[in-house]
Number of protein chains: 2
Amino acid sequence: MFNKQELIDFCNTARESYLAHISIDCVVFGFHEGQLKVLVLKMKNEQSWYLPGGFVLKNEPIEEAANRILKDRTGLDEIFLQQFHVFGDPERSRPHREMYANMLPPSENWFANRFMTIGYYALVDFIHVTPTPDSHSEACTWCDLADTPQLELDHGIILKSALDTLRLQLNYQPIGYNLMPKEFTMPELQKLYETILDKKLDRRNFQRRMLGFGILTRSEKPRKGGAHKAPYLYSFDLANYQNALKEGLKGGW
Amino acid sequence: MFNKQELIDFCNTARESYLAHISIDCVVFGFHEGQLKVLVLKMKNEQSWYLPGGFVLKNEPIEEAANRILKDRTGLDEIFLQQFHVFGDPERSRPHREMYANMLPPSENWFANRFMTIGYYALVDFIHVTPTPDSHSEACTWCDLADTPQLELDHGIILKSALDTLRLQLNYQPIGYNLMPKEFTMPELQKLYETILDKKLDRRNFQRRMLGFGILTRSEKPRKGGAHKAPYLYSFDLANYQNALKEGLKGGW
DNA sequence: TCAAAAGTGTTGCGTCTACACCCATGC
DNA sequence: GCATGGGTGTAGACGCAACACTTTTGA
């Protein structure tokens, strides 16, 4: 991905600016047309894919670092972001160590170090994101969860772990609020739940249950244009939502 | 806590052996006589208390580091250990930075660095633990959760965070299995749940519910010796327990 | 007019809650 | 024998799953 000169330049600035041994990787979830999506990067000159990531500035809180990284890749600020796990096997970054081993001696080579990575997952409103590659990537794109490409290093494991966390936190975090657009229909929300849980849900019971939580506001105007009966549009009542989440949305799915 | 010579020695070995910027802190929970307990350390020459912690060897997986640290403090190996959060504010270790600032120049002073800490919580069988202070502590003791002393740095926050995690994971992790002795009575187990949840539970419903999970084996002999009716002794059926946890123990508390 | 999508109602079963009741033991 | 701790039973409330039924719309 780097040629020699790029590597030298990067290592010099990295050593000055960033904490060694620590990186951040983000699993960015979006939801569009009934599909849960993940943001991935494709490296230059390689058929290899990664999760968006970066390093922590020497005097920067890690939450801010994650935010900065995500702002660079999505254009969005104030993203919903949750730390979920640290991946700390010393062997996890070995492929990178080897990739650059014969370009620079270890003392000058930033990637000769072991890196542990802090995994964050982010929830964003798909339509507001402008996927933006970084300097050593040739592409930054959404892909459907079902057909994500093979990811390098342990990024596949990190993605899987983020998904598991998402599932577990569905009743405790404002996941719907952050993934759905401002207004949405009940079937759309149901699709999101079905995708995350990987399970079909009963249309009618889902509706009654959701409404029962008292966290949705129905707007007067239904969605026009589609075939068939026009569905109502809903939006989250954020105050009620967050209040309900404190106790956890009752019951399982 | 360190005098100057100790500090110099420690810094020299630390720089050689450990990863910079990263530490591990452990919240060790035990349960004894109806009380949830936490293991804390008292520093030499100071009225200050800390959670047990340490650093990560340069080529050591972080789980192993946590295990090593806990073995040193408790004498136990193969402890149930869960990572729960990284505390990454650059200011969190400032007090330590300042404490040693005028003993050594920053370049030689290990503690001049910023440290982020990985929080682990551990569940142990109280009676098997031998609390053992480290070289710069004068005491390592259990204390009741209700009256933990004021903890230094952000260790109070870390403890609070561990407790919240414990509560959330009660239906998803073998918490009872790891905190209770091999055999225990139903009221004892109930006390544990009540302590973690900070809530009174109905004696009879608790019993039926617990038995309903099918994760307990009743031994033939009841506990003798106490006043009043002799309670049955139970132990966990580990296979069933772990199986039930996969789906999560149904229902809330 | 018909198929498909969406909204609303109803019924029955299972589960939990809040009790009442029974048993054992030491003072 | 009685207070206390512990084990078991049960009636009513509640919640949820599995349905049937109605409404709206475009083809």
# chains A, B, ... in the order shown; residues from 1 in each chain; ligands from 1
>>> select_by_dssp(residues="region 71-249 of chain B", states="strand (DSSP E or B)", output="ChimeraX atom specification")
/B:80-87,116-123,137-144,151,184,216-222,232-236
>>> write_last_selection(atoms="C-alpha atoms", output="compact mmCIF listing (two decimals), in the first residue's frame")
# COMPACT_ATOMS: atom_id res chain seq x y z
CA PHE B 80 -12.93 -15.72 35.09
CA LEU B 81 -11.92 -12.43 33.52
CA GLN B 82 -13.76 -10.05 31.25
CA GLN B 83 -12.54 -6.96 29.55
CA PHE B 84 -15.16 -4.26 29.88
CA HIS B 85 -13.84 -0.83 28.94
CA VAL B 86 -10.81 1.23 28.02
CA PHE B 87 -10.35 4.46 29.90
CA MET B 116 -4.71 4.54 29.09
CA THR B 117 -5.98 1.61 31.05
CA ILE B 118 -7.90 -1.47 30.02
CA GLY B 119 -10.49 -2.37 32.63
CA TYR B 120 -11.09 -6.02 33.44
CA TYR B 121 -13.47 -7.43 35.94
CA ALA B 122 -12.78 -10.75 37.60
CA LEU B 123 -15.04 -13.12 39.48
CA SER B 137 1.77 -1.66 48.40
CA GLU B 138 1.54 -2.28 52.08
CA ALA B 139 -1.79 -4.07 52.01
CA CYS B 140 -4.09 -5.98 49.74
CA THR B 141 -7.51 -6.57 51.23
CA TRP B 142 -11.11 -7.28 50.50
CA CYS B 143 -13.60 -4.62 51.30
CA ASP B 144 -17.37 -4.59 51.22
CA LEU B 151 -9.97 5.32 45.23
CA PHE B 184 -24.45 -23.02 48.29
CA LEU B 216 -28.90 -26.15 39.35
CA THR B 217 -28.35 -29.58 40.84
CA ARG B 218 -29.68 -30.21 44.30
CA SER B 219 -27.51 -32.40 46.48
CA GLU B 220 -29.20 -34.91 48.76
CA LYS B 221 -27.82 -33.61 52.01
CA PRO B 222 -29.09 -30.30 53.35
CA TYR B 232 -30.82 -27.63 50.57
CA LEU B 233 -27.42 -27.31 49.01
CA TYR B 234 -27.14 -26.64 45.28
CA SER B 235 -24.39 -26.55 42.75
CA PHE B 236 -24.37 -25.31 39.17
>>> interface_residues(of="chain C", to="chain B", cutoff="7 Å", atoms="only C-alpha atoms (C1' of nucleotides)", output="short mmCIF file (atom, residue, chain, number, x, y, z; two decimals) with all heavy atoms, in the first residue's frame")
data_model
loop_
_atom_site.label_atom_id
_atom_site.label_comp_id
_atom_site.auth_asym_id
_atom_site.auth_seq_id
_atom_site.Cartn_x
_atom_site.Cartn_y
_atom_site.Cartn_z
P DA C 24 -40.56 -31.88 58.13
OP1 DA C 24 -39.89 -32.91 57.29
OP2 DA C 24 -41.57 -32.27 59.15
"O5'" DA C 24 -39.43 -31.04 58.86
"C5'" DA C 24 -38.31 -30.63 58.10
"C4'" DA C 24 -37.57 -29.58 58.89
"O4'" DA C 24 -38.44 -28.47 59.16
"C3'" DA C 24 -37.05 -30.06 60.25
"O3'" DA C 24 -35.65 -29.87 60.22
"C2'" DA C 24 -37.73 -29.16 61.27
"C1'" DA C 24 -38.11 -27.94 60.43
N9 DA C 24 -39.28 -27.18 60.84
C8 DA C 24 -40.56 -27.61 60.94
N7 DA C 24 -41.42 -26.68 61.29
C5 DA C 24 -40.63 -25.55 61.43
C6 DA C 24 -40.93 -24.22 61.79
N6 DA C 24 -42.17 -23.80 62.10
N1 DA C 24 -39.90 -23.34 61.83
C2 DA C 24 -38.67 -23.77 61.53
N3 DA C 24 -38.27 -24.98 61.17
C4 DA C 24 -39.31 -25.83 61.15
P DT C 25 -34.72 -30.66 61.22
OP1 DT C 25 -33.52 -31.04 60.48
OP2 DT C 25 -35.53 -31.67 61.94
"O5'" DT C 25 -34.31 -29.54 62.25
"C5'" DT C 25 -33.70 -28.34 61.76
"C4'" DT C 25 -33.79 -27.26 62.80
"O4'" DT C 25 -35.13 -26.74 62.88
"C3'" DT C 25 -33.45 -27.73 64.22
"O3'" DT C 25 -32.29 -27.02 64.63
"C2'" DT C 25 -34.66 -27.35 65.06
"C1'" DT C 25 -35.32 -26.28 64.20
N1 DT C 25 -36.78 -26.07 64.38
C2 DT C 25 -37.24 -24.81 64.64
O2 DT C 25 -36.51 -23.84 64.73
N3 DT C 25 -38.60 -24.70 64.80
C4 DT C 25 -39.52 -25.74 64.71
O4 DT C 25 -40.72 -25.54 64.86
C5 DT C 25 -38.97 -27.04 64.44
C7 DT C 25 -39.88 -28.22 64.34
C6 DT C 25 -37.63 -27.15 64.29
P DG C 26 -31.41 -27.52 65.84
OP1 DG C 26 -30.03 -27.75 65.35
OP2 DG C 26 -32.13 -28.58 66.57
"O5'" DG C 26 -31.39 -26.22 66.78
"C5'" DG C 26 -31.06 -24.97 66.19
"C4'" DG C 26 -31.51 -23.84 67.10
"O4'" DG C 26 -32.96 -23.75 67.08
"C3'" DG C 26 -31.11 -23.98 68.56
"O3'" DG C 26 -30.81 -22.68 69.07
"C2'" DG C 26 -32.38 -24.55 69.21
"C1'" DG C 26 -33.48 -23.87 68.41
N9 DG C 26 -34.72 -24.64 68.30
C8 DG C 26 -34.85 -26.00 68.10
N7 DG C 26 -36.09 -26.40 68.01
C5 DG C 26 -36.84 -25.23 68.15
C6 DG C 26 -38.24 -25.04 68.14
O6 DG C 26 -39.13 -25.87 67.99
N1 DG C 26 -38.58 -23.69 68.32
C2 DG C 26 -37.67 -22.67 68.48
N2 DG C 26 -38.17 -21.45 68.63
N3 DG C 26 -36.35 -22.84 68.49
C4 DG C 26 -36.00 -24.14 68.33
#
>>> residues_around(residues="DG9 (chain C)", least_positions_apart="2", cutoff="10 Å", atoms="only C-alpha atoms (C1' of nucleotides)", output="PyMOL selection string")
(chain C and resi 11) or (chain D and resi 20-22)
>>> atom_distance(atom1="CA of His155 (chain B)", atom2="CA of Gly53 (chain A)")
28.6 Å
>>> closest_atom_pairs(of="chain B", to="chain A", cutoff="6 Å", atoms="only C-alpha atoms", output="JSON lines")
{"residue": "B:Asn59", "atom": "CA", "partner": "A:Pro90", "partner_atom": "CA", "distance": 5.9}
{"residue": "B:Pro61", "atom": "CA", "partner": "A:Asp89", "partner_atom": "CA", "distance": 4.6}
{"residue": "B:Ile62", "atom": "CA", "partner": "A:Gly88", "partner_atom": "CA", "distance": 5.3}
{"residue": "B:Gly88", "atom": "CA", "partner": "A:Ile62", "partner_atom": "CA", "distance": 5.3}
{"residue": "B:Asp89", "atom": "CA", "partner": "A:Pro61", "partner_atom": "CA", "distance": 4.6}
{"residue": "B:Pro90", "atom": "CA", "partner": "A:Pro61", "partner_atom": "CA", "distance": 5.7}
>>> write_last_selection(atoms="N, CA and C atoms", output="mmCIF file, in the first residue's frame")
data_model
loop_
_atom_site.group_PDB
_atom_site.id
_atom_site.type_symbol
_atom_site.label_atom_id
_atom_site.label_comp_id
_atom_site.auth_asym_id
_atom_site.auth_seq_id
_atom_site.Cartn_x
_atom_site.Cartn_y
_atom_site.Cartn_z
ATOM 1 N N ASN B 59 5.586 -8.493 24.581
ATOM 2 C CA ASN B 59 5.105 -9.508 23.637
ATOM 3 C C ASN B 59 4.021 -10.398 24.228
ATOM 4 N N PRO B 61 -0.039 -11.175 25.134
ATOM 5 C CA PRO B 61 -1.451 -10.856 24.880
ATOM 6 C C PRO B 61 -2.062 -10.193 26.111
ATOM 7 N N ILE B 62 -2.977 -9.284 25.909
ATOM 8 C CA ILE B 62 -3.495 -8.537 27.061
ATOM 9 C C ILE B 62 -4.265 -9.425 28.032
ATOM 10 N N GLY B 88 -9.505 6.154 28.395
ATOM 11 C CA GLY B 88 -8.468 6.714 27.555
ATOM 12 C C GLY B 88 -8.325 8.220 27.576
ATOM 13 N N ASP B 89 -8.759 8.840 28.645
ATOM 14 C CA ASP B 89 -8.573 10.284 28.768
ATOM 15 C C ASP B 89 -7.102 10.563 29.072
ATOM 16 N N PRO B 90 -6.466 11.438 28.291
ATOM 17 C CA PRO B 90 -5.037 11.699 28.549
ATOM 18 C C PRO B 90 -4.790 12.309 29.920
#
>>> select_by_dssp(residues="region 25-77 of chain A", states="alpha helix (DSSP H)", output="ChimeraX atom specification")
/A:62-74
>>> interface_residues(of="chain D", to="chain A", cutoff="12 Å", atoms="only C-alpha atoms (C1' of nucleotides)", output="list in words")
DG15, DC16, DA17, DA18, DC19, DT23, DT24, DT25, DG26 and DA27 of chain D
>>> write_last_selection(atoms="N, CA and C atoms (P, O5', C5', C4', C3', O3' and C1' of nucleotides)", output="PDB file, in the first residue's frame")
ATOM      1  P    DG D  15     -48.698  -5.945  30.854  1.00  0.00           P
ATOM      2  O5'  DG D  15     -48.064  -7.155  30.045  1.00  0.00           O
ATOM      3  C5'  DG D  15     -47.128  -8.028  30.693  1.00  0.00           C
ATOM      4  C4'  DG D  15     -46.568  -8.983  29.665  1.00  0.00           C
ATOM      5  C3'  DG D  15     -46.435  -8.360  28.284  1.00  0.00           C
ATOM      6  O3'  DG D  15     -45.270  -8.900  27.677  1.00  0.00           O
ATOM      7  C1'  DG D  15     -47.970 -10.171  28.189  1.00  0.00           C
ATOM      8  P    DC D  16     -44.802  -8.323  26.227  1.00  0.00           P
ATOM      9  O5'  DC D  16     -44.947  -9.600  25.299  1.00  0.00           O
ATOM     10  C5'  DC D  16     -44.533 -10.869  25.813  1.00  0.00           C
ATOM     11  C4'  DC D  16     -45.088 -11.962  24.947  1.00  0.00           C
ATOM     12  C3'  DC D  16     -44.978 -11.680  23.452  1.00  0.00           C
ATOM     13  O3'  DC D  16     -44.531 -12.860  22.817  1.00  0.00           O
ATOM     14  C1'  DC D  16     -47.215 -12.193  24.007  1.00  0.00           C
ATOM     15  P    DA D  17     -43.946 -12.773  21.325  1.00  0.00           P
ATOM     16  O5'  DA D  17     -44.663 -13.992  20.595  1.00  0.00           O
ATOM     17  C5'  DA D  17     -44.661 -15.271  21.224  1.00  0.00           C
ATOM     18  C4'  DA D  17     -45.749 -16.140  20.618  1.00  0.00           C
ATOM     19  C3'  DA D  17     -45.747 -16.176  19.091  1.00  0.00           C
ATOM     20  O3'  DA D  17     -46.054 -17.491  18.677  1.00  0.00           O
ATOM     21  C1'  DA D  17     -47.830 -15.309  19.875  1.00  0.00           C
ATOM     22  P    DA D  18     -45.887 -17.872  17.141  1.00  0.00           P
ATOM     23  O5'  DA D  18     -47.378 -18.080  16.642  1.00  0.00           O
ATOM     24  C5'  DA D  18     -48.312 -18.797  17.459  1.00  0.00           C
ATOM     25  C4'  DA D  18     -49.717 -18.573  16.928  1.00  0.00           C
ATOM     26  C3'  DA D  18     -49.795 -18.451  15.396  1.00  0.00           C
ATOM     27  O3'  DA D  18     -50.871 -19.228  14.908  1.00  0.00           O
ATOM     28  C1'  DA D  18     -50.846 -16.613  16.413  1.00  0.00           C
ATOM     29  P    DC D  19     -50.753 -19.854  13.417  1.00  0.00           P
ATOM     30  O5'  DC D  19     -52.224 -19.571  12.850  1.00  0.00           O
ATOM     31  C5'  DC D  19     -52.499 -18.318  12.276  1.00  0.00           C
ATOM     32  C4'  DC D  19     -53.712 -17.727  12.944  1.00  0.00           C
ATOM     33  C3'  DC D  19     -54.561 -16.881  12.012  1.00  0.00           C
ATOM     34  O3'  DC D  19     -55.557 -17.688  11.395  1.00  0.00           O
ATOM     35  C1'  DC D  19     -54.230 -15.788  14.106  1.00  0.00           C
ATOM     36  P    DT D  23     -63.177  -1.504   6.284  1.00  0.00           P
ATOM     37  O5'  DT D  23     -61.781  -0.906   5.810  1.00  0.00           O
ATOM     38  C5'  DT D  23     -60.986  -0.169   6.727  1.00  0.00           C
ATOM     39  C4'  DT D  23     -59.724   0.288   6.025  1.00  0.00           C
ATOM     40  C3'  DT D  23     -59.978   1.035   4.714  1.00  0.00           C
ATOM     41  O3'  DT D  23     -59.238   2.234   4.751  1.00  0.00           O
ATOM     42  C1'  DT D  23     -58.382  -0.690   4.391  1.00  0.00           C
ATOM     43  P    DT D  24     -59.619   3.429   3.748  1.00  0.00           P
ATOM     44  O5'  DT D  24     -58.438   3.393   2.674  1.00  0.00           O
ATOM     45  C5'  DT D  24     -57.115   3.571   3.136  1.00  0.00           C
ATOM     46  C4'  DT D  24     -56.167   3.016   2.102  1.00  0.00           C
ATOM     47  C3'  DT D  24     -56.316   3.618   0.706  1.00  0.00           C
ATOM     48  O3'  DT D  24     -55.141   4.345   0.465  1.00  0.00           O
ATOM     49  C1'  DT D  24     -55.914   1.272   0.638  1.00  0.00           C
ATOM     50  P    DT D  25     -55.117   5.570  -0.575  1.00  0.00           P
ATOM     51  O5'  DT D  25     -54.419   4.911  -1.853  1.00  0.00           O
ATOM     52  C5'  DT D  25     -53.094   4.414  -1.723  1.00  0.00           C
ATOM     53  C4'  DT D  25     -52.856   3.321  -2.722  1.00  0.00           C
ATOM     54  C3'  DT D  25     -53.168   3.693  -4.171  1.00  0.00           C
ATOM     55  O3'  DT D  25     -51.965   4.079  -4.785  1.00  0.00           O
ATOM     56  C1'  DT D  25     -53.621   1.401  -3.621  1.00  0.00           C
ATOM     57  P    DG D  26     -51.910   4.760  -6.215  1.00  0.00           P
ATOM     58  O5'  DG D  26     -51.361   3.580  -7.135  1.00  0.00           O
ATOM     59  C5'  DG D  26     -50.166   2.923  -6.748  1.00  0.00           C
ATOM     60  C4'  DG D  26     -49.959   1.695  -7.600  1.00  0.00           C
ATOM     61  C3'  DG D  26     -50.057   1.946  -9.106  1.00  0.00           C
ATOM     62  O3'  DG D  26     -49.078   1.127  -9.743  1.00  0.00           O
ATOM     63  C1'  DG D  26     -51.726   0.380  -8.441  1.00  0.00           C
ATOM     64  P    DA D  27     -48.812   1.189 -11.260  1.00  0.00           P
ATOM     65  O5'  DA D  27     -49.430  -0.185 -11.778  1.00  0.00           O
ATOM     66  C5'  DA D  27     -48.859  -1.417 -11.317  1.00  0.00           C
ATOM     67  C4'  DA D  27     -49.706  -2.564 -11.838  1.00  0.00           C
ATOM     68  C3'  DA D  27     -49.964  -2.513 -13.339  1.00  0.00           C
ATOM     69  O3'  DA D  27     -49.823  -3.813 -13.899  1.00  0.00           O
ATOM     70  C1'  DA D  27     -52.021  -2.620 -12.177  1.00  0.00           C
TER      71       DA D  27
END
